[in-house]
file start-v3.txt (compact mmCIF, C-alpha atoms (C1' of nucleotides))
# COMPACT_ATOMS: atom_id res chain seq x y z
CA MET A 935 265.10 -17.77 31.23
CA GLY A 936 262.37 -19.61 29.35
CA GLY A 937 262.61 -23.36 28.85
CA MET A 938 263.92 -24.36 32.29
CA SER A 939 265.39 -27.76 31.66
CA GLU A 940 266.24 -30.08 34.56
CA PRO A 941 267.89 -27.88 37.19
CA ARG A 942 271.53 -28.49 38.09
CA TRP A 943 270.99 -29.40 41.73
CA LEU A 944 273.82 -29.08 44.20
CA SER A 945 275.84 -32.14 45.11
CA ASP A 946 276.02 -33.14 48.75
CA GLU A 947 279.41 -31.48 49.23
CA GLU A 948 278.27 -28.36 47.44
CA GLN A 949 275.21 -28.25 49.61
CA LYS A 950 277.32 -28.49 52.74
CA VAL A 951 279.66 -25.78 51.53
CA TRP A 952 276.74 -23.56 50.66
CA ARG A 953 275.03 -24.02 54.01
CA ASP A 954 278.21 -23.47 55.99
CA PHE A 955 279.10 -20.45 53.92
CA SER A 956 275.62 -19.07 54.25
CA ALA A 957 275.55 -19.59 58.00
CA ALA A 958 279.06 -18.23 58.48
CA THR A 959 278.47 -15.02 56.57
CA ARG A 960 275.15 -14.49 58.26
CA MET A 961 276.61 -14.97 61.71
CA LEU A 962 279.62 -12.86 60.91
CA GLN A 963 277.44 -10.07 59.70
CA ALA A 964 275.18 -10.29 62.73
CA HIS A 965 278.18 -10.38 65.04
CA LEU A 966 279.81 -7.31 63.56
CA GLU A 967 276.55 -5.45 63.34
CA GLY A 968 275.87 -6.17 66.99
CA GLN A 969 279.35 -5.21 68.09
CA LEU A 970 279.23 -1.91 66.25
CA GLN A 971 275.72 -1.16 67.38
CA HIS A 972 276.63 -1.96 70.96
CA GLU A 973 279.97 -0.21 71.21
CA ALA A 974 279.52 2.69 68.85
CA GLY A 975 275.77 3.08 68.71
CA MET A 976 275.63 2.97 64.95
CA PRO A 977 274.73 0.37 62.36
CA HIS A 978 277.38 -1.00 60.06
CA THR A 979 276.03 0.97 57.13
CA TYR A 980 276.57 4.25 58.86
CA TYR A 981 280.05 3.25 59.86
CA GLU A 982 280.87 2.54 56.24
CA VAL A 983 279.50 5.88 55.16
CA LEU A 984 281.71 7.62 57.69
CA VAL A 985 284.69 5.57 56.50
CA ALA A 986 284.06 6.51 52.88
CA LEU A 987 283.81 10.18 53.77
CA SER A 988 286.89 10.10 55.96
CA GLU A 989 288.93 8.73 53.07
CA ALA A 990 287.68 11.25 50.53
CA PRO A 991 289.62 14.42 49.75
CA ASP A 992 288.43 17.16 52.07
CA ARG A 993 286.28 14.53 53.78
CA ARG A 994 283.42 15.33 51.46
CA LEU A 995 281.65 13.44 48.71
CA ARG A 996 278.73 14.03 46.40
CA MET A 997 275.74 11.93 47.32
CA SER A 998 275.99 9.80 44.21
CA GLU A 999 279.72 9.26 44.62
CA LEU A 1000 278.96 8.06 48.09
CA ALA A 1001 276.26 5.77 46.76
CA ASP A 1002 278.60 4.33 44.16
CA ALA A 1003 281.42 3.90 46.64
CA ARG A 1004 279.21 1.87 48.96
CA LYS A 1005 277.24 0.30 46.12
CA ALA A 1006 274.05 1.48 47.74
CA SER A 1007 270.95 3.00 46.22
CA ARG A 1008 270.58 6.77 46.17
CA SER A 1009 267.47 6.46 48.24
CA ARG A 1010 269.27 4.54 50.93
CA LEU A 1011 271.98 7.12 51.13
CA SER A 1012 269.52 9.90 51.29
CA HIS A 1013 267.88 8.33 54.31
CA ALA A 1014 271.19 7.37 55.88
CA VAL A 1015 272.71 10.81 55.50
CA ALA A 1016 269.54 12.33 56.91
CA ARG A 1017 269.99 10.20 60.00
CA LEU A 1018 273.71 10.93 60.21
CA GLU A 1019 272.98 14.61 59.85
CA ALA A 1020 270.51 14.39 62.73
CA ASN A 1021 273.33 12.87 64.79
CA GLY A 1022 275.60 15.74 63.87
CA TRP A 1023 278.13 13.45 62.18
CA VAL A 1024 277.56 14.65 58.65
CA ARG A 1025 276.54 17.96 57.18
CA ARG A 1026 274.89 18.58 53.83
CA GLU A 1027 276.13 21.37 51.61
CA SER A 1028 274.50 22.38 48.37
CA CYS A 1029 276.72 22.28 45.31
CA PRO A 1030 277.30 25.67 43.67
CA THR A 1031 278.23 24.38 40.20
CA ASP A 1032 275.29 21.99 39.92
CA LYS A 1033 272.31 23.25 41.82
CA ARG A 1034 270.65 19.85 41.87
CA GLY A 1035 273.46 18.19 43.71
CA SER A 1036 274.64 18.24 47.28
CA TRP A 1037 277.74 17.31 49.19
CA ALA A 1038 277.91 15.15 52.26
CA VAL A 1039 280.61 16.52 54.56
CA LEU A 1040 282.06 14.68 57.53
CA THR A 1041 281.90 16.89 60.62
CA PRO A 1042 284.60 16.86 63.31
CA GLU A 1043 282.12 15.08 65.56
CA GLY A 1044 281.62 12.49 62.86
CA PHE A 1045 285.34 11.96 62.52
CA ALA A 1046 285.67 11.65 66.26
CA ALA A 1047 282.87 9.08 66.36
CA LEU A 1048 284.64 7.14 63.65
CA GLU A 1049 287.95 7.23 65.47
CA GLU A 1050 286.22 5.98 68.55
CA ALA A 1051 284.45 3.15 66.78
CA ALA A 1052 287.29 1.95 64.55
CA PRO A 1053 289.53 0.02 66.97
CA GLY A 1054 286.73 -2.12 68.34
CA HIS A 1055 285.42 -2.82 64.90
CA VAL A 1056 288.78 -3.79 63.49
CA GLU A 1057 289.43 -5.99 66.48
CA ALA A 1058 286.09 -7.72 65.95
CA VAL A 1059 286.84 -8.32 62.29
CA ARG A 1060 290.23 -9.69 63.14
CA GLU A 1061 288.97 -11.95 65.88
CA SER A 1062 286.08 -13.41 64.00
CA LEU A 1063 287.46 -13.60 60.49
CA PHE A 1064 291.25 -13.46 60.30
CA ASP A 1065 292.29 -15.13 63.52
CA PRO A 1066 290.60 -18.46 62.81
CA LEU A 1067 292.16 -18.64 59.32
CA THR A 1068 295.63 -19.64 58.22
CA PRO A 1069 297.53 -17.20 55.98
CA GLU A 1070 296.90 -19.48 52.99
CA GLN A 1071 293.21 -19.46 53.75
CA VAL A 1072 293.21 -15.68 53.93
CA LYS A 1073 294.88 -15.58 50.55
CA ALA A 1074 292.38 -18.08 49.16
CA LEU A 1075 289.49 -16.10 50.60
CA GLY A 1076 290.75 -13.02 48.82
CA GLU A 1077 290.87 -14.83 45.51
CA ILE A 1078 287.48 -16.40 46.03
CA SER A 1079 285.92 -13.07 46.90
CA ALA A 1080 287.47 -11.44 43.86
CA ALA A 1081 286.17 -14.23 41.64
CA VAL A 1082 282.64 -13.96 42.97
CA LEU A 1083 282.81 -10.20 42.74
CA GLY A 1084 284.02 -10.48 39.18
CA ARG A 1085 281.07 -12.65 38.34
CA LEU A 1086 278.54 -10.50 40.13
CA SER A 1087 279.56 -7.03 39.05
CA PRO A 1088 279.30 -7.73 35.31
CA LYS A 1089 276.08 -9.52 36.11
CA CYS A 1090 274.71 -6.34 37.56
CA ALA A 1091 275.89 -4.42 34.55
CA ALA A 1092 274.37 -7.07 32.31
CA ALA A 1093 271.09 -6.98 34.16
CA GLU A 1094 270.99 -3.23 33.84
CA ALA A 1095 271.89 -3.46 30.18
CA GLU A 1096 269.17 -6.01 29.57
CA LEU A 1097 266.69 -3.87 31.38
CA ALA A 1098 267.71 -0.88 29.31
CA LEU A 1099 267.49 -2.95 26.15
CA ARG A 1100 264.06 -4.18 27.09
CA GLU A 1101 262.89 -0.66 27.69
CA GLU A 1102 264.42 0.44 24.46
CA THR A 1103 262.67 -2.34 22.61
CA LEU A 1104 259.47 -1.35 24.29
CA ALA A 1105 260.03 2.22 23.24
CA ASP A 1106 260.67 1.05 19.69
CA LEU A 1107 257.47 -0.93 19.74
CA GLU A 1108 255.53 2.05 20.97
CA GLU A 1109 257.12 4.18 18.34
CA SER A 1110 256.18 1.66 15.67
CA ALA A 1111 252.68 1.67 17.03
CA GLU A 1112 252.64 5.44 16.84
CA LEU A 1113 253.86 5.32 13.27
CA ALA A 1114 251.33 2.68 12.42
CA LYS A 1115 248.58 4.82 13.82
CA ALA A 1116 249.95 7.83 12.02
CA ASP A 1117 249.85 5.95 8.74
CA MET B 1277 287.77 -5.90 76.95
CA GLY B 1278 289.16 -3.34 79.33
CA GLY B 1279 292.48 -1.64 78.72
CA MET B 1280 292.34 -1.35 74.95
CA SER B 1281 295.98 -1.30 73.99
CA GLU B 1282 297.08 -0.27 70.51
CA PRO B 1283 294.64 -1.92 68.13
CA ARG B 1284 295.91 -4.56 65.75
CA TRP B 1285 295.10 -2.75 62.50
CA LEU B 1286 294.68 -4.67 59.29
CA SER B 1287 297.57 -4.89 56.88
CA ASP B 1288 297.03 -3.66 53.34
CA GLU B 1289 296.42 -7.16 52.03
CA GLU B 1290 294.10 -7.98 54.88
CA GLN B 1291 292.22 -4.80 54.22
CA LYS B 1292 291.81 -5.69 50.57
CA VAL B 1293 290.65 -9.20 51.42
CA TRP B 1294 288.19 -7.84 53.92
CA ARG B 1295 286.74 -5.28 51.55
CA ASP B 1296 286.43 -7.74 48.69
CA PHE B 1297 284.91 -10.34 50.95
CA SER B 1298 282.54 -7.83 52.41
CA ALA B 1299 281.46 -6.55 49.02
CA ALA B 1300 281.18 -10.05 47.56
CA THR B 1301 278.98 -11.41 50.31
CA ARG B 1302 276.84 -8.31 50.30
CA MET B 1303 276.33 -8.43 46.56
CA LEU B 1304 275.73 -12.16 46.62
CA GLN B 1305 273.13 -11.77 49.29
CA ALA B 1306 271.43 -8.92 47.47
CA HIS B 1307 271.50 -10.86 44.21
CA LEU B 1308 269.92 -13.97 45.68
CA GLU B 1309 267.42 -11.98 47.66
CA GLY B 1310 266.37 -10.12 44.55
CA GLN B 1311 266.15 -13.24 42.45
CA LEU B 1312 263.99 -15.02 44.98
CA GLN B 1313 261.82 -11.99 45.58
CA HIS B 1314 261.36 -11.49 41.87
CA GLU B 1315 260.76 -15.06 40.77
CA ALA B 1316 259.06 -16.52 43.80
CA GLY B 1317 257.63 -13.46 45.51
CA MET B 1318 259.20 -14.30 48.85
CA PRO B 1319 262.23 -13.12 50.78
CA HIS B 1320 265.12 -15.47 51.36
CA THR B 1321 264.20 -15.92 55.01
CA TYR B 1322 260.80 -17.30 54.15
CA TYR B 1323 262.32 -19.61 51.61
CA GLU B 1324 264.61 -21.02 54.27
CA VAL B 1325 261.72 -21.54 56.63
CA LEU B 1326 259.88 -23.50 53.97
CA VAL B 1327 263.02 -25.55 53.28
CA ALA B 1328 263.45 -26.37 56.95
CA LEU B 1329 259.83 -27.46 57.23
CA SER B 1330 259.99 -29.52 54.04
CA GLU B 1331 262.93 -31.48 55.42
CA ALA B 1332 261.37 -32.14 58.80
CA PRO B 1333 259.50 -35.37 59.54
CA ASP B 1334 255.84 -34.87 58.69
CA ARG B 1335 256.81 -31.44 57.34
CA ARG B 1336 256.15 -29.93 60.74
CA LEU B 1337 258.35 -28.33 63.38
CA ARG B 1338 257.86 -26.67 66.72
CA MET B 1339 258.45 -22.94 66.57
CA SER B 1340 261.58 -23.08 68.64
CA GLU B 1341 263.02 -26.00 66.67
CA LEU B 1342 262.46 -23.90 63.60
CA ALA B 1343 264.16 -20.96 65.25
CA ASP B 1344 267.16 -23.07 66.25
CA ALA B 1345 267.39 -24.65 62.83
CA ARG B 1346 267.57 -21.26 61.15
CA LYS B 1347 269.46 -19.67 64.02
CA ALA B 1348 266.85 -16.96 64.15
CA SER B 1349 265.18 -15.31 67.09
CA ARG B 1350 261.81 -16.60 68.27
CA SER B 1351 260.35 -13.21 67.58
CA ARG B 1352 261.52 -13.24 64.01
CA LEU B 1353 260.01 -16.63 63.44
CA SER B 1354 256.77 -15.62 64.99
CA HIS B 1355 256.49 -12.72 62.57
CA ALA B 1356 257.68 -14.80 59.64
CA VAL B 1357 255.28 -17.65 60.27
CA ALA B 1358 252.46 -15.16 60.70
CA ARG B 1359 253.21 -13.83 57.24
CA LEU B 1360 253.61 -17.31 55.77
CA GLU B 1361 250.33 -18.33 57.33
CA ALA B 1362 248.63 -15.34 55.76
CA ASN B 1363 249.97 -16.59 52.42
CA GLY B 1364 248.54 -20.02 53.06
CA TRP B 1365 251.96 -21.69 52.95
CA VAL B 1366 252.15 -22.65 56.59
CA ARG B 1367 249.52 -23.55 59.16
CA ARG B 1368 249.82 -23.29 62.93
CA GLU B 1369 248.66 -26.13 65.11
CA SER B 1370 248.57 -26.04 68.88
CA CYS B 1371 250.54 -28.74 70.62
CA PRO B 1372 248.46 -31.12 72.72
CA THR B 1373 251.24 -32.27 75.06
CA ASP B 1374 252.54 -28.77 75.84
CA LYS B 1375 249.78 -26.24 75.72
CA ARG B 1376 252.17 -23.33 75.45
CA GLY B 1377 253.74 -24.58 72.27
CA SER B 1378 252.61 -24.67 68.68
CA TRP B 1379 253.62 -26.46 65.52
CA ALA B 1380 254.32 -24.87 62.21
CA VAL B 1381 253.06 -27.16 59.47
CA LEU B 1382 253.93 -26.85 55.79
CA THR B 1383 250.75 -26.83 53.71
CA PRO B 1384 250.51 -28.44 50.28
CA GLU B 1385 250.41 -24.94 48.82
CA GLY B 1386 253.58 -24.11 50.71
CA PHE B 1387 255.29 -27.21 49.41
CA ALA B 1388 254.19 -26.36 45.89
CA ALA B 1389 255.52 -22.82 46.26
CA LEU B 1390 258.82 -24.23 47.43
CA GLU B 1391 259.03 -26.67 44.54
CA GLU B 1392 258.36 -23.82 42.19
CA ALA B 1393 260.98 -21.57 43.72
CA ALA B 1394 263.76 -24.09 44.24
CA PRO B 1395 265.16 -24.58 40.73
CA GLY B 1396 265.61 -20.89 40.07
CA HIS B 1397 267.20 -20.35 43.44
CA VAL B 1398 269.63 -23.24 43.09
CA GLU B 1399 270.53 -22.07 39.63
CA ALA B 1400 271.21 -18.59 40.97
CA VAL B 1401 273.43 -19.96 43.74
CA ARG B 1402 275.30 -22.10 41.27
CA GLU B 1403 275.79 -19.33 38.76
CA SER B 1404 276.92 -16.70 41.18
CA LEU B 1405 278.91 -18.75 43.67
CA PHE B 1406 280.02 -22.14 42.37
CA ASP B 1407 280.48 -21.48 38.67
CA PRO B 1408 283.13 -18.79 39.11
CA LEU B 1409 285.15 -20.99 41.49
CA THR B 1410 287.51 -23.85 40.81
CA PRO B 1411 286.87 -27.14 42.65
CA GLU B 1412 289.83 -26.41 44.93
CA GLN B 1413 288.39 -23.01 45.75
CA VAL B 1414 285.05 -24.57 46.58
CA LYS B 1415 286.82 -26.95 48.92
CA ALA B 1416 288.77 -24.10 50.46
CA LEU B 1417 285.63 -22.06 50.89
CA GLY B 1418 284.04 -24.93 52.75
CA GLU B 1419 286.97 -25.14 55.13
CA ILE B 1420 287.09 -21.40 55.62
CA SER B 1421 283.39 -21.24 56.36
CA ALA B 1422 283.64 -24.08 58.83
CA ALA B 1423 286.56 -22.36 60.57
CA VAL B 1424 284.73 -19.06 60.88
CA LEU B 1425 281.60 -20.86 62.02
CA GLY B 1426 283.64 -22.72 64.59
CA ARG B 1427 284.95 -19.47 65.93
CA LEU B 1428 281.62 -17.72 65.93
CA SER B 1429 279.35 -20.38 67.39
CA PRO B 1430 281.36 -20.85 70.59
CA LYS B 1431 281.61 -17.09 70.73
CA CYS B 1432 277.85 -16.88 70.83
CA ALA B 1433 277.74 -19.53 73.49
CA ALA B 1434 280.46 -17.73 75.43
CA ALA B 1435 278.64 -14.41 75.15
CA GLU B 1436 275.47 -15.99 76.43
CA ALA B 1437 277.36 -17.69 79.22
CA GLU B 1438 279.00 -14.46 80.22
CA LEU B 1439 275.68 -12.71 80.18
CA ALA B 1440 274.17 -15.43 82.32
CA LEU B 1441 277.11 -15.24 84.68
CA ARG B 1442 276.81 -11.50 84.94
CA GLU B 1443 273.12 -11.77 85.75
CA GLU B 1444 273.85 -14.46 88.25
CA THR B 1445 276.46 -12.31 89.92
CA LEU B 1446 274.00 -9.47 89.94
CA ALA B 1447 271.39 -11.71 91.53
CA ASP B 1448 273.94 -12.79 94.12
CA LEU B 1449 274.75 -9.21 94.89
CA GLU B 1450 271.12 -8.36 95.31
CA GLU B 1451 270.65 -11.35 97.48
CA SER B 1452 273.60 -10.32 99.64
CA ALA B 1453 272.09 -6.88 99.84
CA GLU B 1454 268.81 -8.40 100.96
CA LEU B 1455 270.58 -10.45 103.56
CA ALA B 1456 272.55 -7.43 104.71
CA LYS B 1457 269.33 -5.48 105.09
CA ALA B 1458 267.74 -8.42 106.86
CA ASP B 1459 270.60 -8.49 109.32
C1' DG C 740 250.26 -27.56 97.40
C1' DC C 741 251.66 -23.00 96.41
C1' DA C 742 254.80 -19.22 95.23
C1' DA C 743 258.81 -18.24 92.20
C1' DT C 744 261.16 -19.01 88.17
C1' DT C 745 261.71 -20.63 83.60
C1' DT C 746 260.12 -21.73 79.04
C1' DG C 747 257.40 -21.23 74.55
C1' DG C 748 255.60 -17.97 72.12
C1' DT C 749 253.33 -13.44 70.71
C1' DT C 750 252.98 -8.48 70.25
C1' DG C 751 254.08 -3.61 69.19
C1' DA C 752 257.22 0.09 68.58
C1' DG C 753 261.43 1.73 66.36
C1' DC C 754 264.66 1.41 62.72
C1' DG C 755 266.78 0.64 58.19
C1' DT C 756 265.95 -0.81 53.32
C1' DT C 757 263.39 -0.90 49.14
C1' DC C 758 260.40 0.64 45.69
C1' DA C 759 257.87 3.85 43.18
C1' DA C 760 256.57 8.44 42.70
C1' DC C 761 258.12 12.79 42.49
C1' DC C 762 260.63 17.39 41.81
C1' DA C 763 264.02 20.52 40.19
C1' DG C 764 267.96 21.62 37.50
C1' DG C 765 270.81 20.54 33.32
C1' DG C 766 271.66 19.39 28.37
C1' DG C 767 270.39 18.60 23.83
C1' DT C 768 267.70 19.62 19.70
C1' DA C 769 264.67 22.15 16.63
C1' DT D 975 263.38 30.22 23.00
C1' DA D 976 260.69 26.16 23.77
C1' DC D 977 260.47 21.44 24.25
C1' DC D 978 261.87 16.93 25.85
C1' DC D 979 264.49 13.78 28.21
C1' DC D 980 268.04 12.76 31.51
C1' DT D 981 270.19 13.16 35.96
C1' DG D 982 270.77 14.12 41.11
C1' DG D 983 268.34 13.73 44.85
C1' DT D 984 264.31 13.46 48.18
C1' DT D 985 260.09 11.56 50.05
C1' DG D 986 256.61 8.28 51.93
C1' DA D 987 254.66 3.85 52.29
C1' DA D 988 255.38 -1.09 52.83
C1' DC D 989 258.07 -4.55 54.71
C1' DG D 990 261.24 -7.36 57.54
C1' DC D 991 264.17 -7.41 61.70
C1' DT D 992 265.25 -6.33 66.54
C1' DC D 993 264.38 -5.33 71.09
C1' DA D 994 261.79 -5.17 75.15
C1' DA D 995 257.53 -6.08 77.27
C1' DC D 996 254.28 -9.31 77.95
C1' DC D 997 251.23 -13.64 78.71
C1' DA D 998 250.27 -18.32 79.70
C1' DA D 999 251.72 -22.83 80.69
C1' DA D 1000 255.20 -25.72 82.78
C1' DT D 1001 258.66 -26.57 86.25
C1' DT D 1002 261.17 -25.97 90.42
C1' DG D 1003 261.68 -25.40 95.38
C1' DC D 1004 260.08 -25.19 99.96

call {"tool": "encode", "arguments": {"input": "start-v3.txt", "output": "structure tokens"}}
result
Amino acid sequence: MGGMSEPRWLSDEEQKVWRDFSAATRMLQAHLEGQLQHEAGMPHTYYEVLVALSEAPDRRLRMSELADARKASRSRLSHAVARLEANGWVRRESCPTDKRGSWAVLTPEGFAALEEAAPGHVEAVRESLFDPLTPEQVKALGEISAAVLGRLSPKCAAAEAELALREETLADLEESAELAKAD
Amino acid sequence: MGGMSEPRWLSDEEQKVWRDFSAATRMLQAHLEGQLQHEAGMPHTYYEVLVALSEAPDRRLRMSELADARKASRSRLSHAVARLEANGWVRRESCPTDKRGSWAVLTPEGFAALEEAAPGHVEAVRESLFDPLTPEQVKALGEISAAVLGRLSPKCAAAEAELALREETLADLEESAELAKAD
DNA sequence: GCAATTTGGTTGAGCGTTCAACCAGGGGTA
DNA sequence: TACCCCTGGTTGAACGCTCAACCAAATTGC
């Protein structure tokens, strides 16, 4: 990240692709968010939490499993589940085997809310994403998404690794310093 | 929107495409947001505002032009520009010909901040989006984005039109009611 | 020329996300 | 057992976005 040679600017076509892609995803997101908020009274994030729970065995998941499943921070889930709990859609249960942990359990009301929201959401996704695309484009989009995901997930891992390494190095340095002082 | 017949659920492949796409765009967005926030100390939205201003003649734009350009709400821009102004990157100027309006003007400091932020941002976009794709995939992505955008933009227009129509109808009804009372 | 509406823009409250600080319980080591 | 670090999870403040209310200037209609 140091020397920063001449940046590889985007070509005109790349720029157009990037802007269209950026605009399209932003509008799509806004559209779905609005639809869900309007018809089901919940933000997309909550919907996804309910989906994750509904697919889990016994419709229950540990908080961190839930966080991993949705690739969200623990903090975010904590807040989200708090809100969902206030709505009566999720219930927290403390974990007997590990007293630190807790389960998030989908309540019948939560399942009902999900069932109510699902058709409209799916229809919106279909209308705004799949309908305007040809089958080949859908296939291509799948491959493209997988490729980007493949690049990004290791990147996250790498970033975390680097961070860990950096901290480790720091720790080593401190240790050396300690030793030096101790000498 | 009325009768809600059996919803057209997603097939397994569609579901996989949707989930991958959803995850990919979310991670991409988070990655770019983080990069920009970390290296340039500004959220992506602000960066885009600065870009829009830098490309405008005289590096100045009316608030609503800015809003349209970024497809953002007026409110959002008002808040954003307020923040940017506090940072010294943008200056507001009242418009002499229309005393309601105001210009947002990119300051030299703002331009400098943009110049500083741009290379890292472009590099991040390239690394995480273009590098993992083949040229054909880039082309396909452009077409896909344009298709989705084409579906979504008219949809917005249609939604607005419908809303307007509904209000109009409502107004008509009220008017009729008035007339009826007046009779 | 004057009321009614529309337009350009701001403001404040409510909400969700992030970040950093924090706490308690678990696991390893001496 | 006592100590230390790690892990699972919560909390509160700061921040950006949205929505609705609002204000002032411009425009329309009679």

call {"tool": "closest_residue", "arguments": {"input": "start-v3.txt", "among": "B:Ser1429, B:Pro1408, B:Trp1285, B:Asp1374", "to": "DA1000 of chain D", "atoms": "only C-alpha atoms (C1' of nucleotides)"}}
result
B:Asp1374

call {"tool": "residues_around", "arguments": {"input": "start-v3.txt", "residues": "DG765 of chain C", "least_positions_apart": "3", "cutoff": "12 Å", "atoms": "all atoms listed in the file", "output": "VMD selection string"}}
result
(chain A and resid 1031 to 1035) or (chain D and resid 979 to 982)

call {"tool": "residues_around", "arguments": {"input": "start-v3.txt", "residues": "DG1003 of chain D", "least_positions_apart": "6", "cutoff": "12 Å", "atoms": "all atoms listed in the file", "output": "list in words"}}
result
DG740, DC741, DA742, DA743 and DT744 of chain C

call {"tool": "write_last_selection", "arguments": {"input": "start-v3.txt", "atoms": "C-alpha atoms (C1' of nucleotides)", "output": "PDB file, keeping the file's coordinate frame"}}
result
ATOM      1  C1'  DG C 740     250.260 -27.560  97.400  1.00  0.00           C
ATOM      2  C1'  DC C 741     251.660 -23.000  96.410  1.00  0.00           C
ATOM      3  C1'  DA C 742     254.800 -19.220  95.230  1.00  0.00           C
ATOM      4  C1'  DA C 743     258.810 -18.240  92.200  1.00  0.00           C
ATOM      5  C1'  DT C 744     261.160 -19.010  88.170  1.00  0.00           C
TER       6       DT C 744
END

call {"tool": "interface_residues", "arguments": {"input": "start-v3.txt", "of": "chain A", "to": "chain B", "cutoff": "7 Å", "atoms": "only C-alpha atoms", "output": "PDB file with C-alpha atoms, in the coordinates of the input"}}
result
ATOM      1  CA  PRO A 941     267.890 -27.880  37.190  1.00  0.00           C
ATOM      2  CA  ARG A 942     271.530 -28.490  38.090  1.00  0.00           C
ATOM      3  CA  TRP A 943     270.990 -29.400  41.730  1.00  0.00           C
ATOM      4  CA  VAL A 951     279.660 -25.780  51.530  1.00  0.00           C
ATOM      5  CA  ASP A 954     278.210 -23.470  55.990  1.00  0.00           C
ATOM      6  CA  PHE A 955     279.100 -20.450  53.920  1.00  0.00           C
ATOM      7  CA  ALA A 958     279.060 -18.230  58.480  1.00  0.00           C
ATOM      8  CA  PRO A1053     289.530   0.020  66.970  1.00  0.00           C
ATOM      9  CA  VAL A1056     288.780  -3.790  63.490  1.00  0.00           C
ATOM     10  CA  GLU A1057     289.430  -5.990  66.480  1.00  0.00           C
ATOM     11  CA  SER A1062     286.080 -13.410  64.000  1.00  0.00           C
ATOM     12  CA  LEU A1063     287.460 -13.600  60.490  1.00  0.00           C
ATOM     13  CA  PRO A1066     290.600 -18.460  62.810  1.00  0.00           C
ATOM     14  CA  LEU A1067     292.160 -18.640  59.320  1.00  0.00           C
ATOM     15  CA  GLN A1071     293.210 -19.460  53.750  1.00  0.00           C
ATOM     16  CA  GLY A1076     290.750 -13.020  48.820  1.00  0.00           C
ATOM     17  CA  ILE A1078     287.480 -16.400  46.030  1.00  0.00           C
ATOM     18  CA  SER A1079     285.920 -13.070  46.900  1.00  0.00           C
ATOM     19  CA  ALA A1080     287.470 -11.440  43.860  1.00  0.00           C
ATOM     20  CA  ALA A1081     286.170 -14.230  41.640  1.00  0.00           C
ATOM     21  CA  VAL A1082     282.640 -13.960  42.970  1.00  0.00           C
ATOM     22  CA  LEU A1083     282.810 -10.200  42.740  1.00  0.00           C
ATOM     23  CA  ARG A1085     281.070 -12.650  38.340  1.00  0.00           C
ATOM     24  CA  LEU A1086     278.540 -10.500  40.130  1.00  0.00           C
TER      25      LEU A1086
END

call {"tool": "interface_residues", "arguments": {"input": "start-v3.txt", "of": "chain B", "to": "chain C", "cutoff": "9 Å", "atoms": "all atoms listed in the file", "output": "ChimeraX atom specification"}}
result
/B:1339-1340,1350-1351,1354-1355,1376-1378

call {"tool": "interface_residues", "arguments": {"input": "start-v3.txt", "of": "chain D", "to": "chain B", "cutoff": "8 Å", "atoms": "all atoms listed in the file", "output": "VMD selection string"}}
result
chain D and resid 991 998 to 999

call {"tool": "write_last_selection", "arguments": {"input": "start-v3.txt", "atoms": "C-alpha atoms (C1' of nucleotides)", "output": "PDB file, in the coordinates of the input"}}
result
ATOM      1  C1'  DC D 991     264.170  -7.410  61.700  1.00  0.00           C
ATOM      2  C1'  DA D 998     250.270 -18.320  79.700  1.00  0.00           C
ATOM      3  C1'  DA D 999     251.720 -22.830  80.690  1.00  0.00           C
TER       4       DA D 999
END

call {"tool": "atom_distance", "arguments": {"input": "start-v3.txt", "atom1": "atom CA of Arg1338 of chain B", "atom2": "atom CA of Ser1370 of chain B"}}
result
9.6 Å

call {"tool": "axis_aligned_box", "arguments": {"input": "start-v3.txt", "around": "segment 1328-1334 of chain B", "padding_each_side": "6 Å", "output": "AutoDock Vina command-line options"}}
result
--center_x 259.6 --center_y -30.9 --center_z 56.8 --size_x 19.6 --size_y 21.0 --size_z 17.5

call {"tool": "atom_distance", "arguments": {"input": "start-v3.txt", "atom1": "atom C1' of DA994 of chain D", "atom2": "atom CA of His978 of chain A"}}
result
22.1 Å

call {"tool": "atom_distance", "arguments": {"input": "start-v3.txt", "atom1": "atom CA of Val1015 of chain A", "atom2": "atom CA of Ala1058 of chain A"}}
result
25.1 Å
